[in-house]
file my_file.cif (mmCIF, C-alpha atoms)
data_data
loop_
_atom_site.group_PDB
_atom_site.id
_atom_site.type_symbol
_atom_site.label_atom_id
_atom_site.label_comp_id
_atom_site.auth_asym_id
_atom_site.auth_seq_id
_atom_site.Cartn_x
_atom_site.Cartn_y
_atom_site.Cartn_z
ATOM 1 C CA MET A 11 78.556 89.762 115.410
ATOM 2 C CA LYS A 12 77.164 87.894 112.425
ATOM 3 C CA PRO A 13 73.726 88.435 110.963
ATOM 4 C CA ASP A 14 71.560 85.356 110.734
ATOM 5 C CA LYS A 15 71.645 85.207 106.935
ATOM 6 C CA GLU A 16 75.411 84.962 106.972
ATOM 7 C CA GLN A 17 75.252 82.073 109.419
ATOM 8 C CA GLY A 18 73.516 80.179 106.618
ATOM 9 C CA GLU A 19 76.366 80.808 104.227
ATOM 10 C CA LEU A 20 78.954 79.281 106.552
ATOM 11 C CA GLU A 21 76.666 76.363 107.330
ATOM 12 C CA ASN A 22 76.251 75.665 103.628
ATOM 13 C CA PHE A 23 79.987 75.957 103.159
ATOM 14 C CA ILE A 24 80.676 73.425 105.904
ATOM 15 C CA LYS A 25 78.304 70.914 104.364
ATOM 16 C CA GLU A 26 79.464 71.453 100.786
ATOM 17 C CA THR A 27 83.121 70.943 101.633
ATOM 18 C CA SER A 28 82.423 67.842 103.652
ATOM 19 C CA ASP A 29 80.487 66.017 100.924
ATOM 20 C CA ASN A 30 77.779 65.635 103.601
ATOM 21 C CA GLU A 31 79.866 63.059 105.429
ATOM 22 C CA PRO A 32 79.238 63.319 109.185
ATOM 23 C CA GLN A 33 82.860 62.885 110.206
ATOM 24 C CA LYS A 34 84.062 65.508 107.775
ATOM 25 C CA THR A 35 81.229 67.834 108.715
ATOM 26 C CA ALA A 36 82.213 67.618 112.368
ATOM 27 C CA ALA A 37 85.838 68.268 111.444
ATOM 28 C CA ASN A 38 84.782 71.273 109.371
ATOM 29 C CA ARG A 39 82.885 72.665 112.336
ATOM 30 C CA GLU A 40 86.003 72.260 114.441
ATOM 31 C CA VAL A 41 88.016 74.188 111.850
ATOM 32 C CA LEU A 42 85.371 76.907 111.752
ATOM 33 C CA ALA A 43 85.338 77.102 115.541
ATOM 34 C CA ARG A 44 89.098 77.627 115.609
ATOM 35 C CA PHE A 45 88.860 80.407 113.056
ATOM 36 C CA MET A 46 86.060 82.095 114.994
ATOM 37 C CA LYS A 47 88.003 81.810 118.216
ATOM 38 C CA ALA A 48 91.102 83.289 116.587
ATOM 39 C CA GLY A 49 88.963 86.039 115.152
ATOM 40 C CA ALA A 50 87.704 86.925 118.599
ATOM 41 C CA GLU A 51 91.217 87.184 119.985
ATOM 42 C CA ILE A 52 92.225 90.694 119.215
ATOM 43 C CA PRO A 53 94.800 92.445 121.393
ATOM 44 C CA PRO A 54 93.241 94.360 124.250
ATOM 45 C CA GLY A 55 92.693 97.994 123.396
ATOM 46 C CA ALA A 56 93.243 97.558 119.652
ATOM 47 C CA MET A 57 89.708 98.524 118.794
ATOM 48 C CA GLU A 58 89.875 101.624 120.975
ATOM 49 C CA ARG A 59 93.255 102.649 119.593
ATOM 50 C CA VAL A 60 92.071 102.407 116.016
ATOM 51 C CA ARG A 61 88.881 104.276 116.885
ATOM 52 C CA ALA A 62 90.964 107.032 118.475
ATOM 53 C CA SER A 63 93.128 107.269 115.380
ATOM 54 C CA LEU A 64 90.011 107.661 113.244
ATOM 55 C CA GLU A 65 88.643 110.402 115.432
ATOM 56 C CA SER A 66 91.881 112.342 115.576
ATOM 57 C CA ARG A 67 92.753 112.062 111.919
ATOM 58 C CA PRO A 68 91.671 115.021 109.759
ATOM 59 C CA ALA A 69 89.321 114.289 106.919
ATOM 60 C CA ALA A 70 91.307 112.774 104.105
ATOM 61 C CA ALA A 71 91.379 114.626 100.823
ATOM 62 C CA PRO A 72 89.201 112.943 98.249
ATOM 63 C CA TRP A 73 92.029 113.073 95.782
ATOM 64 C CA PHE A 74 94.705 110.482 96.409
ATOM 65 C CA TYR A 75 98.047 111.275 94.876
ATOM 66 C CA ARG A 76 98.774 107.628 94.366
ATOM 67 C CA LYS A 77 95.864 107.378 91.952
ATOM 68 C CA ALA A 78 96.338 110.818 90.427
ATOM 69 C CA ALA A 79 100.037 110.375 89.689
ATOM 70 C CA PRO A 80 99.587 108.508 86.371
ATOM 71 C CA ALA A 81 97.100 111.079 85.090
ATOM 72 C CA LEU A 82 99.369 113.923 86.129
ATOM 73 C CA ALA A 83 102.340 112.262 84.442
ATOM 74 C CA LEU A 84 100.377 111.845 81.207
ATOM 75 C CA CYS A 85 99.322 115.498 81.278
ATOM 76 C CA ALA A 86 102.908 116.583 81.821
ATOM 77 C CA VAL A 87 104.053 114.459 78.879
ATOM 78 C CA ALA A 88 101.299 115.880 76.650
ATOM 79 C CA VAL A 89 102.164 119.476 77.588
ATOM 80 C CA ALA A 90 105.860 118.834 76.996
ATOM 81 C CA ALA A 91 105.104 117.287 73.606
ATOM 82 C CA VAL A 92 103.020 120.272 72.546
ATOM 83 C CA ILE A 93 105.674 122.751 73.655
ATOM 84 C CA LEU A 94 108.559 120.896 72.053
ATOM 85 C CA THR A 95 106.852 120.268 68.734
ATOM 86 C CA ARG A 96 105.396 123.745 68.390
ATOM 87 C CA PRO A 97 106.918 125.477 65.343
ATOM 88 C CA SER A 98 108.919 128.520 66.234
ATOM 89 C CA GLY A 99 109.070 131.795 64.305
ATOM 90 C CA GLU A 100 107.416 132.639 61.067
ATOM 91 C CA PRO A 101 106.747 129.807 58.686
ATOM 92 C CA VAL A 102 109.205 129.737 55.769
ATOM 93 C CA PRO A 103 107.372 129.749 52.433
ATOM 94 C CA LEU A 104 108.128 126.774 50.261
ATOM 95 C CA VAL A 105 108.073 128.907 47.184
ATOM 96 C CA SER A 106 109.940 132.178 46.815
ATOM 97 C CA PRO A 107 107.547 135.108 46.704
ATOM 98 C CA ASP A 108 109.513 136.396 43.728
ATOM 99 C CA TRP A 109 107.237 135.183 40.995
ATOM 100 C CA ARG A 110 109.756 136.166 38.367
ATOM 101 C CA SER A 111 112.072 133.516 39.566
ATOM 102 C CA TYR A 112 111.592 131.036 36.780
ATOM 103 C CA GLU A 113 113.276 128.180 38.495
ATOM 104 C CA ASN A 114 110.318 128.018 40.849
ATOM 105 C CA PHE A 115 107.886 127.380 38.043
ATOM 106 C CA PRO A 116 108.266 124.042 36.392
ATOM 107 C CA TYR A 117 107.911 124.109 32.667
ATOM 108 C CA TYR A 118 105.263 121.645 31.661
ATOM 109 C CA ALA A 119 105.288 122.312 27.916
ATOM 110 C CA ALA A 120 107.118 119.135 26.972
ATOM 111 C CA GLU A 121 105.076 117.024 29.322
ATOM 112 C CA GLY A 122 101.862 118.616 28.068
ATOM 113 C CA ARG A 123 102.700 117.832 24.453
ATOM 114 C CA LEU A 124 103.416 114.270 25.286
ATOM 115 C CA TYR A 125 100.092 113.945 27.076
ATOM 116 C CA VAL A 126 98.166 115.384 24.127
ATOM 117 C CA SER A 127 100.021 113.226 21.636
ATOM 118 C CA GLY A 128 99.104 110.096 23.569
ATOM 119 C CA VAL A 129 102.517 109.044 24.593
ATOM 120 C CA SER A 130 102.687 106.262 27.190
ATOM 121 C CA PRO A 131 102.544 107.504 30.774
ATOM 122 C CA ASP A 132 105.932 106.053 31.548
ATOM 123 C CA TRP A 133 107.556 108.316 29.067
ATOM 124 C CA ARG A 134 110.218 108.972 31.605
ATOM 125 C CA SER A 135 111.673 105.543 31.079
ATOM 126 C CA ALA A 136 115.006 105.438 29.411
ATOM 127 C CA ASP A 137 113.593 103.515 26.433
ATOM 128 C CA THR A 138 110.983 106.087 25.487
ATOM 129 C CA LEU A 139 112.675 109.232 26.617
ATOM 130 C CA VAL A 140 113.547 111.539 23.848
ATOM 131 C CA ILE A 141 115.787 114.303 24.852
ATOM 132 C CA ASP A 142 115.525 116.959 22.239
ATOM 133 C CA ALA A 143 116.075 120.593 22.767
ATOM 134 C CA ALA A 144 113.349 121.502 20.293
ATOM 135 C CA SER A 145 110.642 119.408 21.944
ATOM 136 C CA ALA A 146 111.798 120.247 25.425
ATOM 137 C CA TYR A 147 111.686 124.012 24.980
ATOM 138 C CA GLY A 148 108.951 124.285 22.429
ATOM 139 C CA LEU A 149 111.163 125.612 19.789
ATOM 140 C CA MET B 8 73.860 102.109 109.039
ATOM 141 C CA ASP B 9 76.205 104.868 110.145
ATOM 142 C CA PHE B 10 79.954 104.479 110.150
ATOM 143 C CA ALA B 11 80.148 103.918 113.882
ATOM 144 C CA GLY B 12 77.835 100.935 113.538
ATOM 145 C CA ILE B 13 79.863 99.567 110.649
ATOM 146 C CA TYR B 14 83.029 99.934 112.692
ATOM 147 C CA GLU B 15 81.535 98.077 115.641
ATOM 148 C CA GLU B 16 80.266 95.258 113.459
ATOM 149 C CA PHE B 17 83.239 94.749 111.189
ATOM 150 C CA PHE B 18 86.359 95.663 113.131
ATOM 151 C CA ARG B 19 86.964 92.214 114.624
ATOM 152 C CA ARG B 20 86.333 90.486 111.330
ATOM 153 C CA ILE B 21 88.570 92.833 109.365
ATOM 154 C CA TYR B 22 91.296 92.492 111.994
ATOM 155 C CA ALA B 23 91.013 88.720 111.975
ATOM 156 C CA TYR B 24 91.179 88.582 108.173
ATOM 157 C CA ILE B 25 94.268 90.802 108.079
ATOM 158 C CA ASN B 26 95.908 88.869 110.903
ATOM 159 C CA CYS B 27 95.360 85.620 109.028
ATOM 160 C CA ARG B 28 97.092 86.993 105.974
ATOM 161 C CA VAL B 29 99.843 89.079 107.485
ATOM 162 C CA GLY B 30 100.586 87.155 110.642
ATOM 163 C CA LEU B 31 101.808 90.027 112.800
ATOM 164 C CA GLN B 32 99.431 91.617 115.285
ATOM 165 C CA ALA B 33 101.190 94.986 115.129
ATOM 166 C CA ALA B 34 100.974 95.047 111.350
ATOM 167 C CA ALA B 35 97.380 93.825 111.513
ATOM 168 C CA GLU B 36 96.437 96.702 113.788
ATOM 169 C CA ASP B 37 98.168 99.268 111.555
ATOM 170 C CA LEU B 38 96.533 97.865 108.457
ATOM 171 C CA SER B 39 93.138 97.723 110.139
ATOM 172 C CA SER B 40 93.543 101.365 111.019
ATOM 173 C CA LEU B 41 94.399 102.165 107.396
ATOM 174 C CA VAL B 42 91.406 100.216 106.153
ATOM 175 C CA PHE B 43 88.955 102.051 108.348
ATOM 176 C CA GLN B 44 90.558 105.405 107.609
ATOM 177 C CA LYS B 45 90.033 104.804 103.919
ATOM 178 C CA ALA B 46 86.546 103.521 104.535
ATOM 179 C CA LEU B 47 85.738 106.642 106.542
ATOM 180 C CA ALA B 48 87.124 108.883 103.786
ATOM 181 C CA ARG B 49 85.050 107.056 101.156
ATOM 182 C CA PHE B 50 81.943 106.487 103.212
ATOM 183 C CA ALA B 51 80.070 109.243 101.418
ATOM 184 C CA GLN B 52 80.695 107.515 98.080
ATOM 185 C CA TYR B 53 79.573 104.074 99.227
ATOM 186 C CA ASP B 54 76.826 102.757 96.952
ATOM 187 C CA PRO B 55 74.752 99.870 98.335
ATOM 188 C CA ALA B 56 73.808 98.861 94.794
ATOM 189 C CA ARG B 57 77.402 97.901 94.106
ATOM 190 C CA GLY B 58 77.736 95.561 97.037
ATOM 191 C CA SER B 59 77.175 94.972 100.696
ATOM 192 C CA HIS B 60 79.168 96.615 103.462
ATOM 193 C CA ALA B 61 81.130 93.382 103.849
ATOM 194 C CA GLN B 62 82.139 93.331 100.203
ATOM 195 C CA TRP B 63 83.110 96.988 100.326
ATOM 196 C CA LEU B 64 85.170 96.775 103.492
ATOM 197 C CA PHE B 65 86.853 93.492 102.690
ATOM 198 C CA GLY B 66 87.683 94.837 99.226
ATOM 199 C CA ILE B 67 89.505 97.736 100.841
ATOM 200 C CA ALA B 68 91.158 95.393 103.340
ATOM 201 C CA ARG B 69 92.294 93.006 100.644
ATOM 202 C CA ASN B 70 93.830 95.796 98.599
ATOM 203 C CA GLU B 71 95.656 97.155 101.623
ATOM 204 C CA VAL B 72 97.028 93.753 102.574
ATOM 205 C CA ASN B 73 98.131 93.038 99.010
ATOM 206 C CA TYR B 74 99.863 96.403 98.813
ATOM 207 C CA HIS B 75 101.541 95.794 102.154
ATOM 208 C CA LEU B 76 102.791 92.352 101.117
ATOM 209 C CA ARG B 77 104.028 93.635 97.745
ATOM 210 C CA LYS B 78 105.837 96.491 99.447
ATOM 211 C CA ALA B 79 107.413 94.104 101.926
ATOM 212 C CA ALA B 80 108.576 91.844 99.121
ATOM 213 C CA ILE B 81 109.998 94.742 97.156
ATOM 214 C CA LEU B 82 111.806 96.142 100.149
ATOM 215 C CA LYS B 83 112.934 92.595 100.988
ATOM 216 C CA PHE B 84 112.059 93.348 104.544
ATOM 217 C CA ILE B 85 110.718 90.156 105.867
ATOM 218 C CA PRO B 86 111.934 89.671 109.424
ATOM 219 C CA LEU B 87 113.502 86.308 109.901
ATOM 220 C CA ASP B 88 111.295 85.613 112.863
ATOM 221 C CA LEU B 89 108.059 86.654 111.206
ATOM 222 C CA PHE B 90 106.970 83.226 110.113
ATOM 223 C CA GLY B 91 108.967 81.509 112.763
ATOM 224 C CA ASP B 92 107.002 82.995 115.648
ATOM 225 C CA ILE B 93 103.596 83.434 114.153
ATOM 226 C CA PHE B 94 103.546 81.016 111.240
ATOM 227 C CA PRO B 95 105.952 78.281 112.298
ATOM 228 C CA ALA B 96 107.039 76.184 109.365
ATOM 229 C CA ASP B 97 106.701 73.056 111.450
ATOM 230 C CA ALA B 98 104.745 73.455 114.633
ATOM 231 C CA ALA B 99 105.709 69.969 115.769
ATOM 232 C CA ALA B 100 109.378 70.864 115.718
ATOM 233 C CA GLY B 101 109.195 73.036 118.796
ATOM 234 C CA PRO B 102 106.933 74.814 121.273
ATOM 235 C CA GLY B 103 104.683 77.619 120.094
ATOM 236 C CA PRO B 104 105.085 81.229 121.195
ATOM 237 C CA ALA B 105 104.450 81.783 124.859
ATOM 238 C CA GLU B 106 101.805 84.450 124.454
ATOM 239 C CA THR B 107 99.482 82.408 122.223
ATOM 240 C CA GLU B 108 97.426 79.402 123.154
ATOM 241 C CA ALA B 109 98.179 76.007 121.671
ATOM 242 C CA ARG B 110 95.044 76.153 119.533
ATOM 243 C CA SER B 111 95.998 79.528 118.032
ATOM 244 C CA ALA B 112 99.518 78.292 117.367
ATOM 245 C CA ALA B 113 98.122 75.179 115.668
ATOM 246 C CA LEU B 114 95.873 77.342 113.508
ATOM 247 C CA ALA B 115 98.798 79.613 112.664
ATOM 248 C CA ALA B 116 100.876 76.578 111.716
ATOM 249 C CA ALA B 117 98.076 75.240 109.553
ATOM 250 C CA LEU B 118 97.707 78.605 107.835
ATOM 251 C CA ALA B 119 101.437 78.706 107.179
ATOM 252 C CA GLU B 120 101.117 75.550 105.131
ATOM 253 C CA LEU B 121 98.553 77.082 102.827
ATOM 254 C CA ALA B 122 99.459 78.956 99.684
ATOM 255 C CA PRO B 123 98.922 82.734 99.863
ATOM 256 C CA LYS B 124 95.901 82.499 97.585
ATOM 257 C CA GLU B 125 94.375 79.750 99.718
ATOM 258 C CA ARG B 126 95.006 81.734 102.869
ATOM 259 C CA ASP B 127 93.353 84.755 101.283
ATOM 260 C CA LEU B 128 90.273 82.847 100.167
ATOM 261 C CA ILE B 129 89.727 80.830 103.323
ATOM 262 C CA SER B 130 90.074 83.858 105.576
ATOM 263 C CA LEU B 131 87.738 85.799 103.290
ATOM 264 C CA LYS B 132 85.247 82.957 103.472
ATOM 265 C CA PHE B 133 85.296 82.666 107.232
ATOM 266 C CA TYR B 134 85.483 86.306 108.207
ATOM 267 C CA SER B 135 83.595 88.111 105.452
ATOM 268 C CA GLU B 136 81.103 85.250 105.022
ATOM 269 C CA MET B 137 80.593 86.166 101.421
ATOM 270 C CA ASN B 138 79.401 83.477 99.067
ATOM 271 C CA ASN B 139 81.656 82.095 96.354
ATOM 272 C CA ARG B 140 80.254 84.394 93.693
ATOM 273 C CA GLU B 141 80.981 87.494 95.735
ATOM 274 C CA ILE B 142 84.460 86.248 96.563
ATOM 275 C CA ALA B 143 85.071 85.518 92.900
ATOM 276 C CA ARG B 144 84.019 89.030 91.955
ATOM 277 C CA LEU B 145 86.276 90.508 94.611
ATOM 278 C CA THR B 146 89.339 88.454 93.739
ATOM 279 C CA GLY B 147 88.904 88.283 89.974
ATOM 280 C CA LEU B 148 88.857 84.477 90.005
ATOM 281 C CA GLY B 149 86.172 82.292 88.520
ATOM 282 C CA GLU B 150 83.393 81.147 90.810
ATOM 283 C CA SER B 151 84.102 77.471 90.238
ATOM 284 C CA ASN B 152 87.808 78.104 90.773
ATOM 285 C CA VAL B 153 87.042 79.705 94.130
ATOM 286 C CA GLY B 154 84.911 76.705 95.101
ATOM 287 C CA THR B 155 87.640 74.272 94.137
ATOM 288 C CA ILE B 156 90.346 76.140 96.019
ATOM 289 C CA LEU B 157 88.178 76.397 99.129
ATOM 290 C CA TYR B 158 87.308 72.705 98.967
ATOM 291 C CA ARG B 159 90.975 71.719 98.810
ATOM 292 C CA CYS B 160 91.829 74.227 101.475
ATOM 293 C CA MET B 161 89.282 72.798 103.889
ATOM 294 C CA ALA B 162 90.634 69.322 103.269
ATOM 295 C CA LYS B 163 94.108 70.487 104.208
ATOM 296 C CA LEU B 164 92.852 72.285 107.303
ATOM 297 C CA ARG B 165 90.802 69.291 108.397
ATOM 298 C CA LYS B 166 93.815 67.067 108.093
ATOM 299 C CA ARG B 167 96.112 69.485 109.879
ATOM 300 C CA LEU B 168 93.838 70.614 112.687
ATOM 301 C CA THR B 169 91.672 67.607 113.392
ATOM 302 C CA GLY B 170 93.540 64.700 111.873
ATOM 303 C CA VAL B 171 90.580 63.814 109.670
ATOM 304 C CA ASN B 172 92.103 62.853 106.359
ATOM 305 C CA ILE B 173 90.578 63.605 102.961
#
call {"tool": "encode", "arguments": {"input": "my_file.cif", "output": "structure tokens"}}
result
Amino acid sequence: MKPDKEQGELENFIKETSDNEPQKTAANREVLARFMKAGAEIPPGAMERVRASLESRPAAAPWFYRKAAPALALCAVAVAAVILTRPSGEPVPLVSPDWRSYENFPYYAAEGRLYVSGVSPDWRSADTLVIDAASAYGL
Amino acid sequence: MDFAGIYEEFFRRIYAYINCRVGLQAAAEDLSSLVFQKALARFAQYDPARGSHAQWLFGIARNEVNYHLRKAAILKFIPLDLFGDIFPADAAAGPGPAETEARSAALAAALAELAPKERDLISLKFYSEMNNREIARLTGLGESNVGTILYRCMAKLRKRLTGVNI
């Protein structure tokens, strides 16, 4: 039942766990013998029954659902996310196509004058803000 | 080696390993059948460079036993007489089961006193005959940790089965 090289492994194990003490080594061999005897005691016919079940069973599919389930769940989540977040209908333009609609075009004249005149960038602060119709509308 | 040869060589050892861990012969036979069914299904993918036949088969067996024990714990289906008949908590308290010899009952009692991890490692050691490094790779433990656990385990078994104290 056991190849010769594996006999060496158990022999080494018996000696290592007995600290090379003769009494412990003998006790270890007794323990090993009990395990080997228990290992030889299989119910009669068990080997034949299992062999018969192997021969009668159809070839198992290489794909096991137990291992594939997480991947399938992730794919389903990804597909659902794509479908739910997909924008529907035509995109609404941010700016009205009516270019004559002046409210869509900010009037940068006042800001441009301030930039050229070297006014501090935080001109929007309440301290430096000058609200004047003439400067605001370029009059 | 073809699968038939592997089956002939390893069936008893796989069965013994599973029986040590599970403790019920019916469950051991079912699990052994599962192990070899999976091994047969994966035989074409077996790569000798990744490990020996023993490592491969006992890896499958270990996973099946762990899954079985986890399932049993989750389902809370542990028959009250499971450990009483096969793994008696105290073998000295009463007679062993009629169908097993006294030596097997004593071994079963000794195994019952081990922690699940110890039972796993010692039965792997005896029935798979892998060295500590291979067992460590299979179980995810450190090699020195495996050696320490096995050393302590053997001390307990010596004391329980032969009366030789540590």
call {"tool": "atom_distance", "arguments": {"input": "my_file.cif", "atom1": "atom CA of A:Pro53", "atom2": "atom CA of B:Ala61"}}
result
22.3 Å
call {"tool": "closest_residue", "arguments": {"input": "my_file.cif", "among": "B:Thr155, B:Ser130, B:Asn138, B:Thr169", "to": "A:Gly18", "atoms": "all atoms listed in the file"}}
result
B:Asn138
call {"tool": "closest_atom_pairs", "arguments": {"input": "my_file.cif", "of": "chain B", "to": "chain A", "cutoff": "7 Å", "atoms": "only C-alpha atoms", "output": "tab-separated table"}}
result
residue	atom	partner	partner_atom	distance
B:Glu16	CA	A:Met11	CA	6.1
B:Arg19	CA	A:Gly49	CA	6.5
B:Arg20	CA	A:Gly49	CA	6.4
B:Ala23	CA	A:Gly49	CA	4.6
B:Glu36	CA	A:Ala56	CA	6.7
B:Ser40	CA	A:Val60	CA	5.3
B:Gln44	CA	A:Leu64	CA	6.1
B:Ala48	CA	A:Ala70	CA	5.7
B:Ser111	CA	A:Ala48	CA	6.3
B:Glu136	CA	A:Glu16	CA	6.0
B:Asn138	CA	A:Glu19	CA	6.6
B:Tyr158	CA	A:Thr27	CA	5.3
B:Met161	CA	A:Thr27	CA	6.8
B:Leu164	CA	A:Val41	CA	6.9
B:Arg165	CA	A:Ala37	CA	5.9
B:Leu168	CA	A:Val41	CA	6.9
B:Thr169	CA	A:Ala37	CA	6.2
B:Val171	CA	A:Ala37	CA	6.7
call {"tool": "resolve_selection", "arguments": {"input": "my_file.cif", "expression": "the PyMOL selection byres ((chain B and resi 137) around 10)", "output": "list in words"}}
result
Glu16, Glu19 and Leu20 of chain A; Ser59, Ala61, Gln62, Phe65, Leu131, Lys132, Phe133, Tyr134, Ser135, Glu136, Asn138, Asn139, Arg140, Glu141, Ile142, Ala143 and Leu145 of chain B
call {"tool": "write_last_selection", "arguments": {"input": "my_file.cif", "atoms": "C-alpha atoms", "output": "PDB file, keeping the file's coordinate frame"}}
result
ATOM      1  CA  GLU A  16      75.411  84.962 106.972  1.00  0.00           C
ATOM      2  CA  GLU A  19      76.366  80.808 104.227  1.00  0.00           C
ATOM      3  CA  LEU A  20      78.954  79.281 106.552  1.00  0.00           C
TER       4      LEU A  20
ATOM      5  CA  SER B  59      77.175  94.972 100.696  1.00  0.00           C
ATOM      6  CA  ALA B  61      81.130  93.382 103.849  1.00  0.00           C
ATOM      7  CA  GLN B  62      82.139  93.331 100.203  1.00  0.00           C
ATOM      8  CA  PHE B  65      86.853  93.492 102.690  1.00  0.00           C
ATOM      9  CA  LEU B 131      87.738  85.799 103.290  1.00  0.00           C
ATOM     10  CA  LYS B 132      85.247  82.957 103.472  1.00  0.00           C
ATOM     11  CA  PHE B 133      85.296  82.666 107.232  1.00  0.00           C
ATOM     12  CA  TYR B 134      85.483  86.306 108.207  1.00  0.00           C
ATOM     13  CA  SER B 135      83.595  88.111 105.452  1.00  0.00           C
ATOM     14  CA  GLU B 136      81.103  85.250 105.022  1.00  0.00           C
ATOM     15  CA  ASN B 138      79.401  83.477  99.067  1.00  0.00           C
ATOM     16  CA  ASN B 139      81.656  82.095  96.354  1.00  0.00           C
ATOM     17  CA  ARG B 140      80.254  84.394  93.693  1.00  0.00           C
ATOM     18  CA  GLU B 141      80.981  87.494  95.735  1.00  0.00           C
ATOM     19  CA  ILE B 142      84.460  86.248  96.563  1.00  0.00           C
ATOM     20  CA  ALA B 143      85.071  85.518  92.900  1.00  0.00           C
ATOM     21  CA  LEU B 145      86.276  90.508  94.611  1.00  0.00           C
TER      22      LEU B 145
END
call {"tool": "atom_distance", "arguments": {"input": "my_file.cif", "atom1": "atom CA of B:His60", "atom2": "atom CA of A:Ala78"}}
result
25.8 Å
call {"tool": "atom_distance", "arguments": {"input": "my_file.cif", "atom1": "atom CA of B:Asn70", "atom2": "atom CA of B:Tyr24"}}
result
12.3 Å
call {"tool": "resolve_selection", "arguments": {"input": "my_file.cif", "expression": "the PyMOL selection byres ((chain B and resi 72) around 9)", "output": "PyMOL selection string"}}
result
chain B and resi 25+28-29+35+38+67-71+73-77
